[in-house]
>>> print(open('target-v1.csv').read())   # CSV, C-alpha atoms
chain,number,residue,atom,x,y,z
K,1,MET,CA,23.1,-118.2,-30.8
K,2,SER,CA,23.6,-116.1,-33.7
K,3,GLN,CA,22.4,-112.6,-34.0
K,4,ILE,CA,19.8,-113.4,-36.5
K,5,ASN,CA,18.2,-115.9,-34.2
K,6,LYS,CA,17.9,-113.3,-31.5
K,7,ILE,CA,16.1,-110.9,-33.8
K,8,ARG,CA,13.7,-113.6,-34.7
K,9,GLU,CA,12.9,-114.4,-31.1
K,10,GLY,CA,12.3,-110.7,-30.3
K,11,LEU,CA,9.9,-110.2,-33.2
K,12,SER,CA,8.0,-113.4,-32.2
K,13,SER,CA,7.6,-112.1,-28.6
K,14,LEU,CA,6.4,-108.7,-29.8
K,15,SER,CA,3.9,-110.3,-32.2
K,16,SER,CA,2.5,-112.4,-29.3
K,17,ALA,CA,2.2,-109.3,-27.1
K,18,ILE,CA,0.3,-107.3,-29.8
K,19,GLU,CA,-2.0,-110.2,-30.3
K,20,THR,CA,-2.7,-110.4,-26.6
K,21,ILE,CA,-3.5,-106.7,-26.4
K,22,ALA,CA,-5.8,-106.9,-29.4
K,23,ASN,CA,-7.7,-109.8,-28.0
K,24,THR,CA,-8.1,-108.2,-24.5
K,25,ASN,CA,-11.6,-106.7,-23.8
K,26,LYS,CA,-11.7,-102.9,-22.9
K,27,PRO,CA,-12.6,-102.3,-19.3
K,28,ASP,CA,-15.8,-100.4,-18.5
K,29,VAL,CA,-15.3,-96.7,-17.6
K,30,PRO,CA,-17.9,-95.3,-15.2
K,31,GLU,CA,-19.5,-92.0,-16.3
K,32,ALA,CA,-18.3,-88.8,-14.6
K,33,THR,CA,-20.6,-87.3,-12.0
K,34,VAL,CA,-20.6,-83.8,-10.4
K,35,ASN,CA,-17.7,-83.2,-8.1
K,36,SER,CA,-16.3,-86.6,-8.9
K,37,ILE,CA,-13.1,-85.5,-10.8
K,38,SER,CA,-10.2,-84.3,-8.7
K,39,GLY,CA,-8.1,-81.4,-10.0
K,40,ASN,CA,-5.1,-83.7,-9.8
K,41,ALA,CA,-6.6,-85.8,-12.5
K,42,ILE,CA,-6.4,-82.9,-15.0
K,43,HIS,CA,-3.1,-82.0,-16.5
K,44,GLY,CA,-2.6,-79.9,-19.6
K,45,GLY,CA,-5.0,-79.7,-22.5
K,46,LYS,CA,-7.6,-77.1,-23.3
K,47,ILE,CA,-10.7,-76.6,-21.3
K,48,THR,CA,-13.4,-74.3,-22.8
K,49,LEU,CA,-16.3,-72.5,-21.1
K,50,LEU,CA,-14.7,-73.2,-17.7
K,51,ARG,CA,-17.0,-72.3,-14.8
K,52,SER,CA,-16.4,-72.7,-11.1
K,53,THR,CA,-17.8,-71.0,-8.0
K,54,GLY,CA,-15.3,-68.1,-8.3
K,55,ILE,CA,-14.3,-68.3,-12.0
K,56,ARG,CA,-16.3,-67.9,-15.2
K,57,ASP,CA,-14.4,-68.2,-18.5
K,58,GLN,CA,-16.1,-66.7,-21.5
K,59,ALA,CA,-12.9,-65.9,-23.4
K,60,THR,CA,-12.6,-66.7,-27.1
K,61,ARG,CA,-8.9,-66.0,-27.2
K,62,THR,CA,-6.0,-65.9,-24.7
K,63,SER,CA,-6.6,-62.9,-22.4
K,64,LEU,CA,-4.9,-63.8,-19.2
K,65,LEU,CA,-1.3,-65.0,-18.8
K,66,VAL,CA,-0.3,-66.3,-15.4
K,67,GLU,CA,3.4,-66.7,-14.7
K,68,ASP,CA,5.5,-66.9,-11.5
K,69,ASP,CA,5.0,-63.6,-9.5
K,70,GLN,CA,3.3,-62.0,-12.5
K,71,ILE,CA,0.0,-61.9,-14.4
K,72,THR,CA,-0.5,-60.2,-17.8
K,73,VAL,CA,-3.9,-59.0,-18.9
K,74,GLY,CA,-5.1,-56.4,-21.4
K,75,LYS,CA,-8.0,-54.9,-19.5
K,76,ALA,CA,-9.2,-55.5,-16.0
K,77,ASP,CA,-12.5,-54.4,-14.3
K,78,ILE,CA,-11.6,-54.3,-10.6
K,79,ASP,CA,-13.9,-52.9,-7.9
K,80,ASN,CA,-11.4,-52.8,-5.0
K,81,VAL,CA,-7.7,-53.3,-4.6
K,82,LEU,CA,-6.7,-54.3,-1.0
K,83,GLY,CA,-3.2,-53.5,0.2
K,84,ASP,CA,-0.5,-51.4,-1.3
K,85,LEU,CA,-0.3,-51.1,-5.1
K,86,ASP,CA,2.9,-50.2,-7.0
K,87,ILE,CA,2.7,-48.9,-10.6
K,88,GLU,CA,6.1,-48.7,-12.2
K,89,ASN,CA,5.2,-46.9,-15.5
K,90,ASN,CA,2.5,-44.5,-16.6
K,91,LEU,CA,-1.1,-44.5,-15.3
K,92,THR,CA,-3.9,-43.0,-17.3
K,93,ILE,CA,-7.3,-42.3,-15.6
K,94,GLY,CA,-10.2,-41.3,-17.7
K,95,GLY,CA,-12.5,-40.5,-14.8
K,96,GLU,CA,-12.1,-39.1,-11.3
K,97,LEU,CA,-9.3,-39.9,-8.9
K,98,LYS,CA,-10.2,-39.7,-5.3
K,99,ALA,CA,-7.6,-40.0,-2.6
K,100,GLN,CA,-7.2,-39.0,1.1
K,101,LYS,CA,-3.5,-38.0,0.4
K,102,LEU,CA,-1.6,-37.5,-2.7
K,103,HIS,CA,2.2,-37.5,-2.6
K,104,VAL,CA,4.0,-36.5,-5.9
K,105,ASP,CA,7.4,-35.2,-6.9
K,106,GLU,CA,5.9,-33.0,-9.7
K,107,LEU,CA,2.4,-32.1,-10.6
K,108,PHE,CA,1.5,-30.8,-14.1
K,109,SER,CA,-2.1,-29.7,-14.6
K,110,ASN,CA,-4.1,-27.5,-16.9
K,111,GLN,CA,-7.4,-28.2,-15.1
K,112,LYS,CA,-9.1,-26.0,-12.5
K,113,HIS,CA,-9.2,-26.8,-8.8
K,114,THR,CA,-12.7,-26.6,-7.3
K,115,THR,CA,-11.5,-26.9,-3.7
K,116,SER,CA,-8.6,-25.7,-1.6
K,117,ILE,CA,-5.1,-27.2,-1.8
K,118,ASP,CA,-3.6,-28.2,1.6
K,119,PHE,CA,0.3,-28.3,1.7
K,120,ASP,CA,1.2,-30.6,4.5
K,121,LEU,CA,5.0,-31.1,4.6
K,122,THR,CA,6.8,-33.7,6.6
K,123,SER,CA,10.1,-32.0,6.2
K,124,GLU,CA,11.3,-28.4,6.6
K,125,PRO,CA,12.0,-27.0,3.1
K,126,ASN,CA,12.9,-23.4,2.5
K,127,LEU,CA,10.4,-23.0,-0.3
K,128,ILE,CA,6.9,-24.4,-0.8
K,129,GLY,CA,4.3,-23.1,-3.3
K,130,MET,CA,3.6,-23.1,-7.0
K,131,GLN,CA,5.8,-22.4,-10.0
K,132,TRP,CA,5.0,-21.8,-13.7
K,133,ARG,CA,7.8,-22.7,-16.1
K,134,LYS,CA,7.9,-21.8,-19.8
K,135,LYS,CA,10.9,-22.4,-21.9
K,136,GLY,CA,12.9,-19.2,-22.5
K,137,GLN,CA,11.2,-17.3,-19.8
K,138,ALA,CA,11.8,-16.7,-16.1
K,139,THR,CA,10.0,-18.9,-13.7
K,140,LYS,CA,6.9,-17.4,-12.2
K,141,GLN,CA,6.5,-18.2,-8.4
K,142,ILE,CA,4.0,-18.0,-5.5
K,143,VAL,CA,6.0,-19.6,-2.7
K,144,TRP,CA,6.2,-19.5,1.1
K,145,ARG,CA,9.6,-18.3,2.4
K,146,GLU,CA,10.1,-18.9,6.1
K,147,ASN,CA,7.4,-16.5,7.4
K,148,ARG,CA,6.0,-14.8,4.3
K,149,PHE,CA,4.7,-15.3,0.8
K,150,TYR,CA,7.0,-14.4,-2.1
K,151,ILE,CA,5.5,-13.5,-5.5
K,152,SER,CA,7.8,-13.1,-8.4
K,153,SER,CA,5.5,-11.0,-10.7
K,154,ASP,CA,3.1,-8.1,-10.5
K,155,ILE,CA,-0.3,-8.5,-8.9
K,156,ASP,CA,-3.1,-6.9,-11.0
K,157,LEU,CA,-6.3,-6.5,-9.1
K,158,HIS,CA,-9.7,-5.6,-10.6
K,159,ARG,CA,-10.4,-1.8,-10.5
K,160,GLU,CA,-13.0,-2.3,-7.8
K,161,ALA,CA,-11.0,-4.8,-5.7
K,162,SER,CA,-8.8,-4.0,-2.7
K,163,LEU,CA,-6.2,-5.4,-0.4
K,164,LYS,CA,-7.6,-6.1,3.1
K,165,ILE,CA,-6.2,-7.0,6.5
K,166,ASP,CA,-8.7,-8.5,9.0
K,167,ASP,CA,-11.4,-7.6,6.5
K,168,ILE,CA,-10.5,-3.9,6.6
K,169,THR,CA,-9.4,-2.3,3.3
K,170,VAL,CA,-5.8,-1.1,3.5
K,171,ILE,CA,-5.3,-0.2,-0.2
K,172,ASN,CA,-7.7,0.2,-3.1
K,173,ALA,CA,-7.4,1.8,-6.5
K,174,ASP,CA,-7.3,5.4,-5.3
K,175,SER,CA,-6.8,5.6,-1.5
K,176,LEU,CA,-5.2,4.1,1.6
K,177,GLY,CA,-7.4,2.5,4.2
K,178,PRO,CA,-8.5,4.2,7.4
K,179,THR,CA,-6.3,2.1,9.6
K,180,ILE,CA,-3.1,3.3,7.9
K,181,LYS,CA,-1.5,5.5,10.6
K,182,LYS,CA,2.3,5.3,9.9
K,183,SER,CA,4.3,5.7,6.7
K,184,GLU,CA,7.9,6.3,5.6
K,185,LEU,CA,6.9,8.0,2.3
K,186,THR,CA,9.7,10.0,0.8
K,187,SER,CA,7.9,11.4,-2.2
K,188,VAL,CA,4.2,12.2,-2.8
K,189,GLY,CA,2.2,14.0,-5.5
K,190,ARG,CA,-0.4,16.7,-5.0
K,191,LEU,CA,-2.2,16.6,-1.7
K,192,THR,CA,-5.7,17.8,-1.0
K,193,ASN,CA,-7.1,18.5,2.4
K,194,LEU,CA,-4.1,17.4,4.3
K,195,GLN,CA,-4.7,16.9,8.1
K,196,ALA,CA,-1.9,16.1,10.5
K,197,ASP,CA,-1.8,15.3,14.2
K,198,GLY,CA,1.4,15.9,16.2
K,199,ASP,CA,4.6,17.4,15.0
K,200,VAL,CA,5.3,18.4,11.4
K,201,ASN,CA,8.7,18.6,9.8
K,202,ILE,CA,9.2,19.7,6.2
K,203,ASP,CA,12.8,19.3,5.0
K,204,ASP,CA,14.1,20.3,8.5
K,205,PHE,CA,13.1,23.9,7.5
K,206,VAL,CA,9.3,24.2,8.2
K,207,LEU,CA,8.5,22.8,11.6
K,208,TYR,CA,5.5,22.7,13.9
K,209,ASP,CA,5.9,21.7,17.5
K,210,SER,CA,2.7,20.2,18.8
K,211,GLY,CA,3.9,20.4,22.4
K,212,THR,CA,4.4,24.2,22.4
K,213,MET,CA,1.9,24.8,19.6
K,214,ARG,CA,4.4,26.9,17.8
K,215,PHE,CA,5.2,27.1,14.1
K,216,GLY,CA,8.6,28.0,12.7
K,217,ILE,CA,10.2,28.5,9.4
K,218,GLY,CA,13.9,28.3,9.4
K,219,VAL,CA,14.0,28.0,13.2
K,220,GLU,CA,14.0,24.8,15.3
K,221,ALA,CA,12.7,26.5,18.5
K,222,PRO,CA,10.4,29.4,17.7
K,223,ASN,CA,10.2,32.3,20.2
K,224,ALA,CA,6.5,33.0,19.3
K,225,GLN,CA,3.5,31.3,18.0
K,226,PHE,CA,4.7,32.0,14.5
K,227,SER,CA,8.3,32.7,13.7
K,228,VAL,CA,10.4,33.2,10.5
K,229,ALA,CA,14.1,33.3,11.1
K,230,SER,CA,17.5,33.4,9.4
K,231,ASN,CA,20.9,33.0,11.0
K,232,GLU,CA,20.8,36.3,13.1
K,233,ALA,CA,17.2,37.6,12.7
K,234,GLU,CA,13.8,36.3,13.8
K,235,PHE,CA,10.5,37.8,12.8
K,236,VAL,CA,7.6,36.8,15.1
K,237,VAL,CA,3.8,37.0,15.2
K,238,ASP,CA,2.7,36.3,18.8
K,239,PRO,CA,-1.0,36.8,19.7
K,240,ASP,CA,-1.7,37.2,23.4
K,241,PHE,CA,-5.0,37.2,25.3
K,242,ASP,CA,-5.9,40.8,24.4
K,243,HIS,CA,-3.2,42.0,22.1
K,244,LEU,CA,-0.9,41.0,19.3
K,245,ARG,CA,2.8,41.4,19.0
K,246,VAL,CA,4.4,41.6,15.5
K,247,GLY,CA,8.0,42.4,14.7
K,248,ALA,CA,11.6,41.4,15.1
K,249,TYR,CA,12.3,39.3,18.2
K,250,THR,CA,16.1,39.8,17.7
K,251,THR,CA,18.0,43.1,17.6
K,252,SER,CA,17.4,43.4,13.9
K,253,LYS,CA,16.2,46.1,11.6
K,254,LEU,CA,12.6,45.7,10.4
K,255,SER,CA,11.5,47.1,7.1
K,256,LEU,CA,8.1,47.5,5.4
K,257,ILE,CA,8.6,47.4,1.7
K,258,THR,CA,6.6,47.9,-1.5
K,259,ASP,CA,7.9,47.4,-5.0
K,260,ASN,CA,10.9,45.9,-3.3
K,261,LYS,CA,11.8,49.3,-1.8
K,262,GLU,CA,11.9,50.2,1.9
K,263,ARG,CA,9.0,52.5,2.9
K,264,LEU,CA,9.1,52.3,6.6
K,265,VAL,CA,12.2,51.2,8.6
K,266,LEU,CA,12.2,50.3,12.3
K,267,LYS,CA,15.8,50.5,13.4
K,268,GLU,CA,17.5,48.0,15.6
K,269,HIS,CA,17.2,50.2,18.8
K,270,GLY,CA,13.8,51.7,18.2
K,271,GLY,CA,14.3,54.5,15.6
K,272,ILE,CA,11.7,54.8,12.9
K,273,GLU,CA,12.5,56.1,9.4
K,274,VAL,CA,9.7,57.0,6.9
K,275,LYS,CA,10.9,57.0,3.4
K,276,GLY,CA,8.5,59.0,1.3
K,277,SER,CA,5.4,61.1,2.0
K,278,LEU,CA,3.4,60.4,5.1
K,279,GLY,CA,-0.4,61.1,5.3
K,280,VAL,CA,-2.7,61.1,8.3
K,281,ASN,CA,-6.3,60.6,7.2
K,282,VAL,CA,-5.1,61.5,3.7
K,283,GLN,CA,-5.4,58.8,1.0
K,284,TYR,CA,-2.8,60.3,-1.3
K,285,PRO,CA,-0.3,62.6,0.4
K,286,GLY,CA,1.1,65.3,-1.8
K,287,GLU,CA,4.5,64.6,-3.3
K,288,ASP,CA,5.6,68.2,-2.4
K,289,VAL,CA,5.3,67.5,1.3
K,290,ASP,CA,6.7,64.9,3.7
K,291,LEU,CA,3.8,65.0,6.0
K,292,GLN,CA,0.2,65.7,5.3
K,293,VAL,CA,-2.5,65.7,8.0
K,294,ALA,CA,-6.2,66.1,7.4
K,295,GLY,CA,-7.0,67.6,10.8
K,296,SER,CA,-5.3,69.2,13.9
K,297,ILE,CA,-1.9,68.1,15.2
K,298,ARG,CA,-0.3,68.3,18.5
K,299,PHE,CA,3.4,69.3,18.5
K,300,ALA,CA,5.4,69.4,21.8
K,301,ASP,CA,2.1,69.2,23.7
K,302,LYS,CA,0.7,72.2,21.8
K,303,LYS,CA,-2.3,71.8,19.6
K,304,ILE,CA,-2.1,73.3,16.2
K,305,SER,CA,-5.4,73.7,14.2
K,306,VAL,CA,-6.8,75.8,11.4
K,307,GLY,CA,-10.0,77.9,11.2
K,308,ALA,CA,-11.6,81.0,9.7
K,309,GLU,CA,-12.1,82.7,13.1
K,310,VAL,CA,-11.1,82.4,16.7
K,311,PRO,CA,-12.2,79.2,18.4
K,312,VAL,CA,-15.6,79.6,20.2
K,313,GLU,CA,-15.9,76.1,21.7
K,314,GLY,CA,-13.8,73.2,22.9
K,315,ASN,CA,-11.0,72.9,25.5
K,316,TYR,CA,-7.7,74.6,24.7
K,317,ASN,CA,-4.5,75.0,26.6
K,318,LEU,CA,-2.1,77.9,26.9
K,319,GLY,CA,0.1,78.1,23.8
K,320,ASP,CA,-2.3,76.3,21.4
K,321,LEU,CA,-2.4,77.8,17.9
K,322,GLN,CA,-5.1,78.2,15.3
K,323,TYR,CA,-4.0,79.3,11.8
K,324,ASN,CA,-6.3,81.6,9.9
K,325,THR,CA,-7.7,79.8,6.8
K,326,LYS,CA,-8.8,83.2,5.3
K,327,PRO,CA,-5.9,85.5,5.7
K,328,THR,CA,-6.1,89.0,4.1
K,329,ALA,CA,-3.7,91.9,3.7
K,330,GLY,CA,-3.6,93.8,6.9
K,331,GLY,CA,-5.1,90.8,8.8
K,332,TRP,CA,-3.5,88.2,11.1
K,333,VAL,CA,-1.8,84.9,10.6
K,334,GLY,CA,-3.9,83.3,13.3
K,335,TRP,CA,-4.8,83.2,17.0
K,336,ILE,CA,-2.9,82.0,20.1
K,337,CYS,CA,-4.4,80.8,23.4
K,338,VAL,CA,-3.1,83.0,26.2
K,339,GLU,CA,-5.3,81.4,28.9
K,340,SER,CA,-6.5,77.8,29.1
K,341,GLY,CA,-10.3,77.2,29.2
K,342,ASN,CA,-13.3,76.4,27.1
K,343,PRO,CA,-12.7,77.9,24.7
K,344,GLY,CA,-10.0,79.9,26.7
K,345,LYS,CA,-8.7,83.4,26.0
K,346,TRP,CA,-7.3,84.0,22.5
K,347,LYS,CA,-5.2,86.8,21.0
K,348,LYS,CA,-4.2,87.6,17.4
K,349,PHE,CA,-0.7,87.0,16.3
K,350,GLY,CA,1.4,87.5,13.2
K,351,ALA,CA,0.3,90.8,11.5
K,352,ILE,CA,0.1,90.6,7.7
K,353,GLU,CA,1.5,93.5,5.8
K,354,LYS,CA,-1.0,95.6,3.9
>>> encode(input="target-v1.csv", output="structure tokens")
Amino acid sequence: MSQINKIREGLSSLSSAIETIANTNKPDVPEATVNSISGNAIHGGKITLLRSTGIRDQATRTSLLVEDDQITVGKADIDNVLGDLDIENNLTIGGELKAQKLHVDELFSNQKHTTSIDFDLTSEPNLIGMQWRKKGQATKQIVWRENRFYISSDIDLHREASLKIDDITVINADSLGPTIKKSELTSVGRLTNLQADGDVNIDDFVLYDSGTMRFGIGVEAPNAQFSVASNEAEFVVDPDFDHLRVGAYTTSKLSLITDNKERLVLKEHGGIEVKGSLGVNVQYPGEDVDLQVAGSIRFADKKISVGAEVPVEGNYNLGDLQYNTKPTAGGWVGWICVESGNPGKWKKFGAIEK
């Protein structure tokens, strides 16, 4: 059979099949009822206004893309997320974020905290706290170092604020607290109403020993209640029960001076030197005498007095003298007691030339 004949037969068969299909009646299709279509009977195509027990589709454009292990959606309104949630990129929250625990590597915030911040570390870092960084400036820190807080900058309190320990003020703007008992101060300003208990040491030169209740200047172990000493001399003031001792504790000369000049010198072994005029009951001794006495004197156990006449009262001893305050030519220098008594027996002595 030639090729042309084969083509003719094929076309004839196709024509017969088409005619058969055209003449075949369409079978009746039953109407769909609720829950009568299986999901397996739907494949592809577009379904609008889809509703099911758990899904309601009101979209007018493509909003949800479902792929293997991934869904893509522009906006989502979700009440609860169960299980862990990983977010690889940025997360922006317009409202409040509430969490039982928040673990972050870095926290940047310019908002205020209305409650306390609890640092609960699972490791043992050397530093924990807060840092403020600004380009070109040193980092500001409030951090915990081992057993203390470290603050890198000054602390400026309000003028009426104070530092407290156990709710007791230890430092305020102008004073130390009442519980401050010990200090290693090396320099202080002007002190007012200083009170000290116990020993006092000023530059190892002025010392007070509370045990012996003695005060010394230039001496470590004073020999009296008050002592001023140099290398070889010690001046003491030592009050006793009923008298007071003042002078040189050592074998040293003691001088009383005015105008930086010695006026009275107590020698090392007891001698006394008076430099200048000495007055007894005389406010201004005369410069022409060394000794001026306002009343009687006793010299070598002999009383020497003055008067216009022989004594008529008082006890006198043999050898006492009374100089005549009104001598005249042909008169006498005075009177001498030749027999003790009251007033004793007196004789004239020292005739004055007429």
>>> residues_around(input="target-v1.csv", residues="region 161-169 of chain K", least_positions_apart="4", cutoff="9 Å", atoms="all atoms listed in the file", output="number ranges by chain")
K: 157, 173, 176-179
>>> residues_near_point(input="target-v1.csv", point="(8.8, -17.6, -10.6)", cutoff="9 Å", atoms="only C-alpha atoms", output="VMD selection string")
chain K and resid 130 to 133 138 to 143 151 to 153
>>> write_last_selection(input="target-v1.csv", atoms="C-alpha atoms", output="CSV table (one decimal), in the frame of the given file")
chain,number,residue,atom,x,y,z
K,130,MET,CA,3.6,-23.1,-7.0
K,131,GLN,CA,5.8,-22.4,-10.0
K,132,TRP,CA,5.0,-21.8,-13.7
K,133,ARG,CA,7.8,-22.7,-16.1
K,138,ALA,CA,11.8,-16.7,-16.1
K,139,THR,CA,10.0,-18.9,-13.7
K,140,LYS,CA,6.9,-17.4,-12.2
K,141,GLN,CA,6.5,-18.2,-8.4
K,142,ILE,CA,4.0,-18.0,-5.5
K,143,VAL,CA,6.0,-19.6,-2.7
K,151,ILE,CA,5.5,-13.5,-5.5
K,152,SER,CA,7.8,-13.1,-8.4
K,153,SER,CA,5.5,-11.0,-10.7
>>> atom_distance(input="target-v1.csv", atom1="CA of Leu321 (chain K)", atom2="CA of Leu291 (chain K)")
18.5 Å
>>> residues_around(input="target-v1.csv", residues="Leu254 (chain K)", least_positions_apart="6", cutoff="9 Å", atoms="all atoms listed in the file", output="short mmCIF file (atom, residue, chain, number, x, y, z; two decimals) with C-alpha atoms, keeping the file's coordinate frame")
data_model
loop_
_atom_site.label_atom_id
_atom_site.label_comp_id
_atom_site.auth_asym_id
_atom_site.auth_seq_id
_atom_site.Cartn_x
_atom_site.Cartn_y
_atom_site.Cartn_z
CA PHE K 235 10.50 37.80 12.80
CA GLY K 247 8.00 42.40 14.70
CA ALA K 248 11.60 41.40 15.10
CA LEU K 264 9.10 52.30 6.60
CA VAL K 265 12.20 51.20 8.60
CA LEU K 266 12.20 50.30 12.30
CA LYS K 267 15.80 50.50 13.40
CA GLU K 268 17.50 48.00 15.60
#
>>> closest_residue(input="target-v1.csv", among="K:Arg56, K:His269, K:Lys345, K:Lys261", to="Tyr249 (chain K)", atoms="only C-alpha atoms")
K:His269
>>> atom_distance(input="target-v1.csv", atom1="CA of Ile336 (chain K)", atom2="CA of Val312 (chain K)")
12.9 Å
>>> closest_residue(input="target-v1.csv", among="K:Asp174, K:Asp209, K:Glu184, K:Asp242", to="Gln225 (chain K)", atoms="only C-alpha atoms")
K:Asp209
>>> residues_around(input="target-v1.csv", residues="region 73-86 of chain K", least_positions_apart="2", cutoff="8 Å", atoms="only C-alpha atoms", output="number ranges by chain")
K: 63-65, 71, 88
